[in-house]
$ cat run-v6.txt   # compact mmCIF, C-alpha atoms
# COMPACT_ATOMS: atom_id res chain seq x y z
CA MET O 1 92.65 114.08 204.58
CA ASP O 2 96.38 113.94 205.16
CA SER O 3 99.00 113.46 202.50
CA GLU O 4 99.22 109.69 203.04
CA ASP O 5 95.52 109.27 202.42
CA GLU O 6 95.79 111.36 199.23
CA VAL O 7 98.53 109.09 197.87
CA ILE O 8 96.46 105.99 198.60
CA ALA O 9 93.39 107.50 196.87
CA ALA O 10 95.41 108.51 193.79
CA ALA O 11 96.88 105.00 193.51
CA ALA O 12 93.45 103.43 193.74
CA ALA O 13 92.10 105.76 191.04
CA SER O 14 95.01 104.93 188.81
CA CYS O 15 94.35 101.22 189.16
CA VAL O 16 90.67 101.66 188.30
CA LEU O 17 91.45 103.71 185.20
CA SER O 18 94.10 101.24 184.05
CA SER O 19 91.70 98.33 184.45
CA ALA O 20 89.04 100.16 182.47
CA LEU O 21 91.49 100.96 179.66
CA ILE O 22 92.68 97.37 179.42
CA LEU O 23 89.11 96.11 179.32
CA LYS O 24 88.23 98.59 176.57
CA MET O 25 91.20 97.51 174.45
CA LYS O 26 90.22 93.85 174.81
CA ASN O 27 86.68 94.56 173.72
CA LYS O 28 87.70 96.69 170.74
CA SER O 29 86.83 94.91 167.48
CA ARG O 30 89.72 94.01 165.22
CA ARG O 31 89.84 95.91 161.89
CA LYS O 32 88.89 93.68 158.95
CA ARG O 33 91.31 93.07 156.11
CA ARG O 34 90.41 94.20 152.64
CA TRP O 35 88.37 91.48 151.01
CA TRP O 36 90.28 91.53 147.70
CA ALA O 37 93.64 90.88 149.36
CA LEU O 38 92.19 87.93 151.28
CA SER O 39 90.56 86.60 148.12
CA LEU O 40 93.80 86.90 146.15
CA ASN O 41 95.80 85.04 148.79
CA LYS O 42 93.21 82.29 148.99
CA SER O 43 93.23 81.83 145.22
CA ARG O 44 97.00 81.54 144.89
CA GLY O 45 97.89 78.00 143.90
CA SER O 46 94.26 77.05 143.40
CA TYR O 47 93.83 78.84 140.05
CA SER O 48 96.94 79.24 137.94
CA GLY O 49 97.71 80.21 134.39
CA THR O 50 97.54 76.52 133.50
CA ASN O 51 93.93 76.35 134.75
CA MET O 52 93.19 79.45 132.69
CA LEU O 53 94.56 77.83 129.52
CA GLN O 54 92.49 74.72 130.13
CA ASP O 55 89.34 76.78 130.55
CA LEU O 56 90.09 78.78 127.39
CA THR O 57 90.75 75.59 125.42
CA ASN O 58 87.39 74.17 126.45
CA GLU O 59 85.55 77.28 125.28
CA PRO O 60 83.99 76.72 121.82
CA SER O 61 83.89 80.42 120.90
CA GLY O 62 87.56 80.89 119.97
CA LYS O 63 88.61 82.52 123.23
CA PHE O 64 91.89 80.64 123.22
CA GLU O 65 92.76 81.99 119.75
CA ASN O 66 91.89 85.52 120.84
CA PHE O 67 93.97 85.19 123.99
CA CYS O 68 97.11 83.69 122.42
CA ARG O 69 96.62 84.74 118.76
CA MET O 70 96.97 81.12 117.61
CA SER O 71 95.17 77.82 117.74
CA ALA O 72 95.72 75.31 120.53
CA VAL O 73 97.40 73.02 117.99
CA ASP O 74 99.99 75.65 117.05
CA PHE O 75 100.43 76.58 120.72
CA GLU O 76 101.32 72.98 121.46
CA HIS O 77 103.64 72.83 118.44
CA ILE O 78 105.65 75.86 119.55
CA LEU O 79 105.62 74.66 123.16
CA ASN O 80 107.21 71.35 122.18
CA LYS O 81 109.93 73.20 120.28
CA ILE O 82 110.86 75.74 122.92
CA GLY O 83 110.35 73.44 125.91
CA PRO O 84 114.06 72.49 126.29
CA TYR O 85 115.05 76.18 126.14
CA ILE O 86 112.73 77.44 128.88
CA THR O 87 112.82 74.65 131.51
CA LYS O 88 116.52 74.80 132.42
CA LYS O 89 116.22 77.37 135.20
CA ASP O 90 118.17 77.72 138.46
CA THR O 91 115.76 79.34 140.89
CA VAL O 92 113.05 77.37 142.63
CA MET O 93 110.39 79.96 141.78
CA ARG O 94 111.02 79.74 138.03
CA LYS O 95 111.05 75.96 138.11
CA SER O 96 107.57 76.05 139.62
CA ILE O 97 106.16 77.87 136.58
CA PRO O 98 105.35 75.27 133.88
CA PRO O 99 106.47 75.90 130.27
CA ASN O 100 102.93 76.18 128.91
CA GLU O 101 102.15 78.96 131.39
CA ARG O 102 105.34 80.79 130.48
CA LEU O 103 104.54 80.63 126.78
CA ALA O 104 101.01 81.88 127.50
CA VAL O 105 102.39 84.85 129.47
CA THR O 106 104.64 85.81 126.55
CA LEU O 107 101.99 85.45 123.87
CA ARG O 108 99.53 87.47 125.92
CA PHE O 109 102.09 90.25 126.36
CA LEU O 110 102.70 90.38 122.60
CA ALA O 111 99.00 90.19 121.78
CA SER O 112 97.70 92.74 124.28
CA GLY O 113 100.63 95.09 124.85
CA ASP O 114 99.66 95.17 128.54
CA SER O 115 102.32 96.19 131.02
CA PHE O 116 104.11 93.59 133.12
CA VAL O 117 102.29 94.99 136.15
CA SER O 118 98.90 94.35 134.54
CA LEU O 119 99.88 90.83 133.56
CA SER O 120 101.08 90.14 137.09
CA TYR O 121 97.47 90.42 138.34
CA LEU O 122 96.21 88.14 135.57
CA PHE O 123 98.80 85.38 136.01
CA LYS O 124 99.47 85.90 139.75
CA MET O 125 103.22 86.41 139.30
CA SER O 126 105.44 89.34 140.12
CA ASN O 127 106.09 91.79 137.31
CA GLN O 128 109.83 91.08 137.52
CA VAL O 129 109.25 87.36 137.00
CA ILE O 130 106.97 88.12 134.03
CA SER O 131 109.64 90.41 132.55
CA ASP O 132 112.25 87.64 132.79
CA ILE O 133 109.85 85.07 131.33
CA VAL O 134 108.90 87.23 128.34
CA HIS O 135 112.49 87.91 127.31
CA GLU O 136 113.64 84.32 127.78
CA VAL O 137 110.69 82.86 125.87
CA CYS O 138 111.16 85.39 123.03
CA GLN O 139 114.78 84.34 122.70
CA ALA O 140 113.68 80.71 122.57
CA ILE O 141 111.03 81.43 119.92
CA ILE O 142 113.62 83.24 117.80
CA GLU O 143 115.96 80.29 118.09
CA VAL O 144 113.44 77.62 117.08
CA THR O 145 111.54 79.59 114.41
CA LYS O 146 114.38 81.52 112.75
CA GLU O 147 113.92 79.44 109.60
CA GLU O 148 110.48 81.04 109.13
CA ILE O 149 112.30 83.96 107.48
CA GLN O 150 114.52 82.73 104.69
CA MET O 151 115.71 84.90 101.87
CA PRO O 152 115.98 82.98 98.58
CA GLN O 153 119.42 81.54 98.05
CA THR O 154 119.28 80.49 94.40
CA THR O 155 118.26 82.09 91.13
CA GLU O 156 115.37 79.64 90.79
CA GLU O 157 113.97 80.61 94.20
CA TRP O 158 114.10 84.30 93.29
CA LYS O 159 112.34 83.59 90.01
CA LYS O 160 109.56 81.77 91.84
CA LEU O 161 109.00 84.84 94.00
CA SER O 162 108.96 87.01 90.89
CA GLU O 163 106.37 84.81 89.19
CA GLU O 164 104.09 85.01 92.24
CA TYR O 165 104.49 88.77 92.27
CA TYR O 166 103.62 89.10 88.58
CA THR O 167 100.60 86.81 88.90
CA THR O 168 99.24 88.66 91.93
CA TRP O 169 100.28 92.27 91.32
CA ASN O 170 101.10 92.46 87.58
CA PHE O 171 104.60 93.81 88.17
CA PRO O 172 107.19 91.88 86.09
CA ASN O 173 110.72 91.14 87.26
CA CYS O 174 109.77 92.11 90.82
CA LEU O 175 111.34 90.32 93.79
CA GLY O 176 109.44 91.97 96.64
CA ALA O 177 108.57 95.24 98.36
CA ILE O 178 110.80 96.86 100.97
CA ASP O 179 110.02 99.38 103.67
CA GLY O 180 111.11 100.41 107.15
CA LYS O 181 109.54 101.58 110.39
CA HIS O 182 110.81 103.36 113.48
CA VAL O 183 109.68 101.30 116.51
CA VAL O 184 109.27 103.90 119.24
CA LEU O 185 110.77 103.29 122.69
CA VAL O 186 110.50 105.02 126.02
CA SER O 187 113.85 106.76 126.62
CA PRO O 188 116.41 103.94 127.11
CA THR O 189 118.74 104.10 130.09
CA ASN O 190 122.02 105.94 129.45
CA SER O 191 121.34 106.10 125.71
CA GLY O 192 122.04 109.81 125.23
CA SER O 193 121.05 110.84 121.72
CA GLU O 194 121.91 107.54 120.01
CA PHE O 195 118.29 106.45 119.55
CA ILE O 196 116.62 109.84 118.92
CA ASN O 197 114.93 109.87 115.50
CA TYR O 198 113.79 112.68 113.20
CA LYS O 199 110.54 113.02 115.19
CA GLY O 200 112.45 113.65 118.41
CA THR O 201 111.42 110.32 119.97
CA PHE O 202 113.58 107.30 120.77
CA SER O 203 113.41 104.34 118.42
CA ILE O 204 115.01 101.34 116.80
CA VAL O 205 114.50 100.70 113.09
CA LEU O 206 112.83 97.69 111.48
CA MET O 207 113.74 97.15 107.82
CA ALA O 208 111.86 94.40 106.00
CA LEU O 209 111.36 92.81 102.59
CA VAL O 210 107.93 91.28 101.91
CA ASP O 211 106.79 88.84 99.21
CA ALA O 212 103.53 88.77 97.25
CA ASN O 213 101.79 86.75 100.00
CA TYR O 214 102.44 89.26 102.81
CA CYS O 215 105.24 87.17 104.34
CA PHE O 216 108.59 88.60 105.40
CA THR O 217 111.54 87.26 103.41
CA TYR O 218 114.10 89.50 105.14
CA ALA O 219 114.11 91.55 108.34
CA ASP O 220 116.75 93.67 110.04
CA VAL O 221 115.92 95.04 113.52
CA GLY O 222 117.79 97.19 116.00
CA CYS O 223 119.51 99.97 114.07
CA GLN O 224 119.69 103.17 116.13
CA GLY O 225 116.99 105.72 115.37
CA ARG O 226 119.46 108.60 115.03
CA ILE O 227 121.02 107.11 111.88
CA SER O 228 119.60 108.63 108.70
CA ASP O 229 116.96 106.50 107.03
CA GLY O 230 119.15 106.11 103.96
CA GLY O 231 122.00 105.04 106.21
CA VAL O 232 119.82 102.40 107.86
CA PHE O 233 119.32 100.57 104.58
CA ARG O 234 122.98 100.93 103.66
CA ASN O 235 123.94 99.23 106.92
CA THR O 236 121.82 96.15 106.26
CA THR O 237 123.25 92.90 104.94
CA LEU O 238 120.64 93.02 102.17
CA PHE O 239 122.06 96.25 100.73
CA LYS O 240 125.67 95.14 101.10
CA LYS O 241 125.03 91.85 99.34
CA MET O 242 122.97 93.58 96.67
CA GLU O 243 125.82 95.99 95.95
CA ALA O 244 128.32 93.13 95.84
CA ASN O 245 126.06 91.01 93.56
CA GLU O 246 126.01 88.20 96.13
CA LEU O 247 122.24 87.59 96.22
CA ASN O 248 122.05 85.42 93.10
CA PHE O 249 119.43 87.63 91.49
CA PRO O 250 118.30 86.32 88.09
CA LEU O 251 119.99 87.86 85.09
CA PRO O 252 118.10 90.68 83.29
CA GLU O 253 115.27 89.50 81.06
CA PRO O 254 112.88 91.30 78.67
CA ILE O 255 109.44 91.90 80.15
CA CYS O 256 107.73 91.85 76.77
CA ALA O 257 108.53 91.27 73.11
CA ASN O 258 110.65 93.80 71.22
CA GLN O 259 112.07 95.29 74.40
CA SER O 260 115.56 95.18 75.84
CA SER O 261 116.27 93.12 78.94
CA LEU O 262 115.52 94.69 82.32
CA PRO O 263 117.01 93.68 85.69
CA TYR O 264 115.01 92.12 88.51
CA VAL O 265 114.07 94.79 91.03
CA ILE O 266 112.65 95.49 94.49
CA VAL O 267 109.96 98.17 94.82
CA ALA O 268 110.23 100.91 97.45
CA ASP O 269 109.00 104.42 98.29
CA ASP O 270 110.69 107.82 98.32
CA ALA O 271 112.67 107.05 101.48
CA PHE O 272 115.05 104.88 99.42
CA SER O 273 117.56 105.67 96.70
CA LEU O 274 116.86 104.69 93.10
CA SER O 275 119.30 102.03 91.91
CA GLU O 276 119.63 99.29 89.34
CA HIS O 277 117.80 96.77 91.56
CA LEU O 278 115.58 99.15 93.51
CA MET O 279 112.71 101.11 91.96
CA LYS O 280 111.01 104.12 93.59
CA PRO O 281 108.28 106.50 92.32
CA TYR O 282 108.90 109.48 90.08
CA PRO O 283 109.06 112.56 92.33
CA GLY O 284 106.61 115.43 91.97
CA ILE O 285 103.20 115.81 90.30
CA HIS O 286 102.77 114.58 86.73
CA GLU O 287 100.24 115.15 83.98
CA LYS O 288 97.26 112.81 83.91
CA GLY O 289 97.84 109.94 81.49
CA SER O 290 101.63 110.37 81.47
CA LYS O 291 103.90 107.36 81.73
CA GLU O 292 105.18 108.70 85.07
CA ARG O 293 101.69 108.56 86.57
CA HIS O 294 101.18 105.05 85.18
CA PHE O 295 104.45 103.92 86.73
CA ASN O 296 103.72 105.49 90.11
CA TYR O 297 100.28 103.86 90.19
CA ARG O 298 101.64 100.41 89.40
CA LEU O 299 104.52 100.72 91.85
CA SER O 300 102.20 101.94 94.62
CA ARG O 301 99.92 99.00 93.90
CA ALA O 302 102.83 96.56 94.15
CA ARG O 303 104.06 98.16 97.38
CA ARG O 304 100.75 97.57 99.09
CA VAL O 305 101.93 94.19 100.34
CA VAL O 306 104.53 95.65 102.70
CA GLU O 307 102.05 98.25 104.01
CA ASN O 308 99.57 95.47 104.74
CA ALA O 309 102.22 93.27 106.37
CA PHE O 310 103.14 96.02 108.82
CA GLY O 311 99.46 96.80 109.34
CA ILE O 312 98.42 93.27 110.30
CA LEU O 313 101.53 92.97 112.49
CA ALA O 314 100.43 95.97 114.56
CA LEU O 315 96.77 94.91 114.50
CA VAL O 316 97.39 91.45 115.97
CA PHE O 317 100.43 92.14 118.16
CA ARG O 318 99.31 95.21 120.08
CA VAL O 319 102.67 95.55 121.76
CA PHE O 320 103.34 97.89 118.78
CA ARG O 321 100.47 100.20 119.78
CA LYS O 322 102.47 102.26 122.27
CA PRO O 323 106.14 103.05 122.98
CA MET O 324 107.95 100.04 124.40
CA LEU O 325 109.26 100.46 127.94
CA LEU O 326 112.25 98.23 127.16
CA GLN O 327 115.94 98.50 126.50
CA PRO O 328 116.82 98.45 122.74
CA ASP O 329 118.22 94.91 122.73
CA LYS O 330 115.13 93.47 124.42
CA ALA O 331 112.83 95.53 122.20
CA SER O 332 114.65 94.12 119.15
CA ASN O 333 113.92 90.58 120.37
CA ILE O 334 110.24 91.45 120.83
CA VAL O 335 110.00 92.84 117.28
CA MET O 336 111.79 89.86 115.70
CA THR O 337 109.61 87.42 117.65
CA CYS O 338 106.45 89.07 116.27
CA ILE O 339 107.79 88.93 112.71
CA LEU O 340 108.65 85.24 113.00
CA LEU O 341 105.25 84.46 114.51
CA HIS O 342 103.61 86.45 111.68
CA ASN O 343 105.20 84.20 109.07
CA PHE O 344 104.47 81.08 111.10
CA LEU O 345 100.78 81.95 111.53
CA ARG O 346 100.37 83.06 107.90
CA LYS O 347 101.47 79.58 106.78
CA SER O 348 99.63 77.62 109.49
CA LYS O 349 96.61 75.56 108.46
CA THR O 350 94.91 75.88 111.85
CA SER O 351 95.68 79.55 112.64
CA LYS O 352 95.80 81.28 109.25
CA SER O 353 92.06 81.95 109.02
CA HIS O 354 91.95 83.38 112.53
CA TYR O 355 95.17 85.38 112.25
CA ALA O 356 94.18 87.06 108.99
CA PRO O 357 90.47 86.41 108.27
CA PRO O 358 88.87 87.62 105.03
CA GLY O 359 88.84 91.38 104.88
CA THR O 360 92.00 91.84 106.91
CA PHE O 361 94.15 92.92 103.96
CA ASP O 362 93.32 95.43 101.26
CA ARG O 363 91.41 93.88 98.37
CA GLU O 364 90.91 95.09 94.84
CA ASN O 365 88.15 94.75 92.26
CA ASN O 366 88.84 96.22 88.80
CA GLY O 367 91.15 98.79 90.30
CA GLN O 368 88.84 99.84 93.12
CA VAL O 369 90.58 99.31 96.45
CA PHE O 370 88.63 98.21 99.50
CA PRO O 371 90.70 99.02 102.61
CA GLY O 372 91.61 96.16 104.92
CA ALA O 373 90.41 95.94 108.51
CA TRP O 374 93.82 96.98 109.83
CA ARG O 375 93.46 100.45 108.27
CA GLN O 376 90.43 101.15 110.47
CA GLU O 377 92.79 101.16 113.45
CA ASP O 378 95.72 102.74 111.65
CA GLY O 379 95.46 105.84 113.85
CA ASN O 380 96.59 103.77 116.84
CA MET O 381 99.89 102.84 115.19
CA SER O 382 101.65 105.77 116.86
CA SER O 383 104.65 103.67 117.83
CA LEU O 384 105.42 102.59 114.25
CA LEU O 385 106.72 105.68 112.45
CA PRO O 386 107.43 105.70 108.70
CA LEU O 387 110.86 106.43 107.32
CA ARG O 388 111.48 110.00 106.26
CA ASN O 389 111.25 110.81 102.54
CA ILE O 390 114.39 112.66 101.40
CA PRO O 391 115.20 113.69 97.80
CA ARG O 392 118.21 111.76 96.51
CA ARG O 393 120.22 112.00 93.32
CA SER O 394 120.31 108.98 91.04
CA SER O 395 122.66 107.92 88.28
CA ARG O 396 121.60 107.63 84.66
CA LEU O 397 121.24 103.83 84.40
CA PRO O 398 118.58 103.42 87.15
CA LYS O 399 116.58 106.25 85.59
CA GLU O 400 116.66 104.53 82.21
CA ILE O 401 115.50 101.28 83.80
CA ARG O 402 112.61 103.08 85.49
CA ASP O 403 111.68 104.75 82.18
CA SER O 404 111.56 101.34 80.49
CA PHE O 405 109.20 99.98 83.15
CA ALA O 406 107.08 103.13 82.86
CA GLU O 407 106.82 102.76 79.08
CA TYR O 408 105.69 99.15 79.48
CA PHE O 409 103.05 100.00 82.10
CA ALA O 410 101.65 102.79 79.92
CA THR O 411 101.43 100.66 76.75
CA THR O 412 101.81 96.89 76.44
CA GLY O 413 101.44 96.13 80.13
CA LYS O 414 98.50 98.45 80.80
CA LEU O 415 95.72 97.02 82.99
CA PRO O 416 92.09 97.34 81.74
CA TRP O 417 91.07 99.77 84.49
CA GLN O 418 94.36 101.64 84.68
CA ASP O 419 93.40 104.79 82.74
CA ALA O 420 90.71 105.61 85.30
CA TYR O 421 93.35 105.90 88.02
CA CYS O 422 96.22 107.45 86.05

$ encode --input "run-v6.txt" --output "structure tokens"
Amino acid sequence: MDSEDEVIAAAAASCVLSSALILKMKNKSRRKRRWWALSLNKSRGSYSGTNMLQDLTNEPSGKFENFCRMSAVDFEHILNKIGPYITKKDTVMRKSIPPNERLAVTLRFLASGDSFVSLSYLFKMSNQVISDIVHEVCQAIIEVTKEEIQMPQTTEEWKKLSEEYYTTWNFPNCLGAIDGKHVVLVSPTNSGSEFINYKGTFSIVLMALVDANYCFTYADVGCQGRISDGGVFRNTTLFKKMEANELNFPLPEPICANQSSLPYVIVADDAFSLSEHLMKPYPGIHEKGSKERHFNYRLSRARRVVENAFGILALVFRVFRKPMLLQPDKASNIVMTCILLHNFLRKSKTSKSHYAPPGTFDRENNGQVFPGAWRQEDGNMSSLLPLRNIPRRSSRLPKEIRDSFAEYFATTGKLPWQDAYC
């Protein structure tokens, strides 16, 4: 075979191989898509968050209340209030998300503490859209429910709080219990050491005053975690007004016959400084039956309301169960929103029994304390750190006031079961 024949044979072989390869590629089966991606795309638009809310509402077993932490009636009430604040949006995508769905996204985030990524699968939205929705709705809730937290403005209002406190907790001339918590954050962007607290984590501080019915009467959120715990309280408007006598506290009154008048006070723990209007426990260990032990027992009993308020807050709004992956200003809005919703739900006729059913708070029978349900999960409250207890010097007058209260609790004002615990 000459060279020309070889070229012709090679060309023919090449054509045959090419034809076979093309035929094989045509017959090759196309790889199937993953079924879940196809299912997700098919379901978009056919089952939205609105459909989910309708299904939950029709369930008779309280699934709606568990999902949103409130009744459908209260959901509708808040929706009507915040509607004008959350419908004025510029982008087409945000306009397509109805207000009720946006409120549901926010309430579910507060209730579950799930990440925005997790919620994006549930509500079929991007995590960035969910992030924007949560922060905008929280700002709207703060705006329309800010009156849920109102510190008394007149002497008569303060006296009413004091009467409720005495009736419930047997502590005369008491205006409430105060405490603070470090709300732990994931390291904020470009924050340096501004938000590092005494535990070495990043946090903002929540300072709150609670009445006898476990409702917040004052809350200050957002102070940097690096500031000393004593400095946090000194930076609040409550402390400044207290020092300037601008709170209209009632004038001192005797708490029993044949005793000098005592000022109205707020009860606190060792993290605070003793002052004329702020009582804290006697430091150290004291002899059984001493007036110091009687005072510490009665003050601890009266302080239980603020412990329970923080406890139920973290139990219901599980966003407090882990460090918040948010910038401090947005985290502050989240915390304030939960506090306002706490007061709203505590006073609601349709949601109160579900928000705090019997057994939620500590209860007492002849001095024996039965722990509330929130204490069973107290170990999960790792993102709510207590304030640090630091010894502080006090002037003579506050010590004399504390001694007068202690004398009363150990004698005239003694409770029937008190000796067994003091």

$ closest_residue --input "run-v6.txt" --among "O:Val221, O:Ile255, O:Leu313, O:Ile266" --to "Ile178 of chain O" --atoms "only C-alpha atoms"
O:Ile266

$ atom_distance --input "run-v6.txt" --atom1 "atom CA of His354 of chain O" --atom2 "atom CA of Glu65 of chain O"
7.4 Å

$ closest_residue --input "run-v6.txt" --among "O:Pro283, O:Pro386, O:Gly311, O:Gly176" --to "Tyr198 of chain O" --atoms "all atoms listed in the file"
O:Pro386

$ closest_residue --input "run-v6.txt" --among "O:Asp329, O:Val73, O:Cys138, O:Thr360" --to "Leu107 of chain O" --atoms "only C-alpha atoms"
O:Cys138

$ residues_around --input "run-v6.txt" --residues "Cys422 of chain O" --least-positions-apart "4" --cutoff "12 Å" --atoms "only C-alpha atoms" --output "NGL selection string"
:O and (285-298 or 300 or 367 or 409-410 or 414-418)

$ residues_around --input "run-v6.txt" --residues "Val265 of chain O" --least-positions-apart "5" --cutoff "6 Å" --atoms "only C-alpha atoms" --output "PyMOL selection string"
chain O and resi 174-175+277-278

$ residues_around --input "run-v6.txt" --residues "Phe317 of chain O" --least-positions-apart "3" --cutoff "8 Å" --atoms "all atoms listed in the file" --output "ChimeraX atom specification"
/O:110-113,313-314,320,338

$ closest_residue --input "run-v6.txt" --among "O:Gln327, O:Pro254, O:Phe249, O:Ser348" --to "Ser191 of chain O" --atoms "only C-alpha atoms"
O:Gln327

$ residues_around --input "run-v6.txt" --residues "Ser332 of chain O" --least-positions-apart "6" --cutoff "10 Å" --atoms "only C-alpha atoms" --output "list in words"
Val183, Ile204, Val205, Leu206, Asp220, Val221, Gly222, Cys223 and Leu326 of chain O

$ closest_atom_pairs --input "run-v6.txt" --of "segment 240-357 of chain O" --to "segment 153-162 of chain O" --cutoff "7 Å" --atoms "all atoms listed in the file" --output "CSV"
residue,atom,partner,partner_atom,distance
O:Leu247,CA,O:Gln153,CA,6.9
O:Asn248,CA,O:Thr155,CA,5.4
O:Phe249,CA,O:Thr155,CA,5.7
O:Pro250,CA,O:Thr155,CA,5.2

$ closest_residue --input "run-v6.txt" --among "O:Ile86, O:Leu209, O:Leu122, O:Ala331" --to "Glu143 of chain O" --atoms "all atoms listed in the file"
O:Ile86

$ closest_residue --input "run-v6.txt" --among "O:Asn190, O:Pro152, O:Phe405, O:Ala268" --to "Glu246 of chain O" --atoms "only C-alpha atoms"
O:Pro152

$ residues_around --input "run-v6.txt" --residues "Phe272 of chain O" --least-positions-apart "6" --cutoff "12 Å" --atoms "all atoms listed in the file" --output "list in words"
Ala177, Ile178, Asp179, Gly180, Met207, Ser228, Asp229, Gly230, Gly231, Val232, Phe233, Arg234, Phe239, Ile266, Leu278, Met279, Lys280, Pro281, Leu387, Arg388, Asn389, Ile390, Pro391, Arg392, Arg393 and Ser394 of chain O

$ atom_distance --input "run-v6.txt" --atom1 "atom CA of Glu163 of chain O" --atom2 "atom CA of Lys347 of chain O"
19.0 Å

$ atom_distance --input "run-v6.txt" --atom1 "atom CA of Asn235 of chain O" --atom2 "atom CA of Met151 of chain O"
17.3 Å

$ decode --input "run-v6.txt" --residues "segment 251-256 of chain O" --atoms "all heavy atoms" --output "compact mmCIF listing (two decimals), in the first residue's frame"
# COMPACT_ATOMS: atom_id res chain seq x y z
N LEU O 251 -41.80 60.34 100.55
CA LEU O 251 -40.99 60.75 101.70
C LEU O 251 -40.86 59.59 102.70
O LEU O 251 -41.71 58.70 102.74
CB LEU O 251 -41.62 61.97 102.38
CG LEU O 251 -41.68 63.26 101.54
CD1 LEU O 251 -42.42 64.34 102.31
CD2 LEU O 251 -40.28 63.72 101.17
N PRO O 252 -39.80 59.56 103.49
CA PRO O 252 -39.63 58.48 104.47
C PRO O 252 -40.84 58.34 105.38
O PRO O 252 -41.46 59.33 105.80
CB PRO O 252 -38.38 58.93 105.25
CG PRO O 252 -37.62 59.78 104.29
CD PRO O 252 -38.67 60.51 103.49
N GLU O 253 -41.16 57.09 105.70
CA GLU O 253 -42.29 56.79 106.58
C GLU O 253 -41.89 55.67 107.54
O GLU O 253 -41.08 54.81 107.19
CB GLU O 253 -43.52 56.35 105.77
CG GLU O 253 -44.12 57.43 104.89
CD GLU O 253 -45.34 56.94 104.15
OE1 GLU O 253 -45.74 55.77 104.36
OE2 GLU O 253 -45.90 57.71 103.35
N PRO O 254 -42.46 55.65 108.74
CA PRO O 254 -42.17 54.54 109.67
C PRO O 254 -42.78 53.25 109.16
O PRO O 254 -43.89 53.25 108.60
CB PRO O 254 -42.81 55.00 110.98
CG PRO O 254 -43.81 56.03 110.59
CD PRO O 254 -43.32 56.68 109.35
N ILE O 255 -42.09 52.14 109.35
CA ILE O 255 -42.61 50.86 108.87
C ILE O 255 -43.36 50.12 109.96
O ILE O 255 -43.98 49.08 109.70
CB ILE O 255 -41.47 49.98 108.31
CG1 ILE O 255 -40.37 49.77 109.35
CG2 ILE O 255 -40.90 50.59 107.06
CD1 ILE O 255 -39.24 48.89 108.87
N CYS O 256 -43.31 50.63 111.17
CA CYS O 256 -44.12 50.07 112.26
C CYS O 256 -44.20 51.12 113.37
O CYS O 256 -43.52 52.16 113.31
CB CYS O 256 -43.52 48.78 112.79
SG CYS O 256 -41.93 48.98 113.61
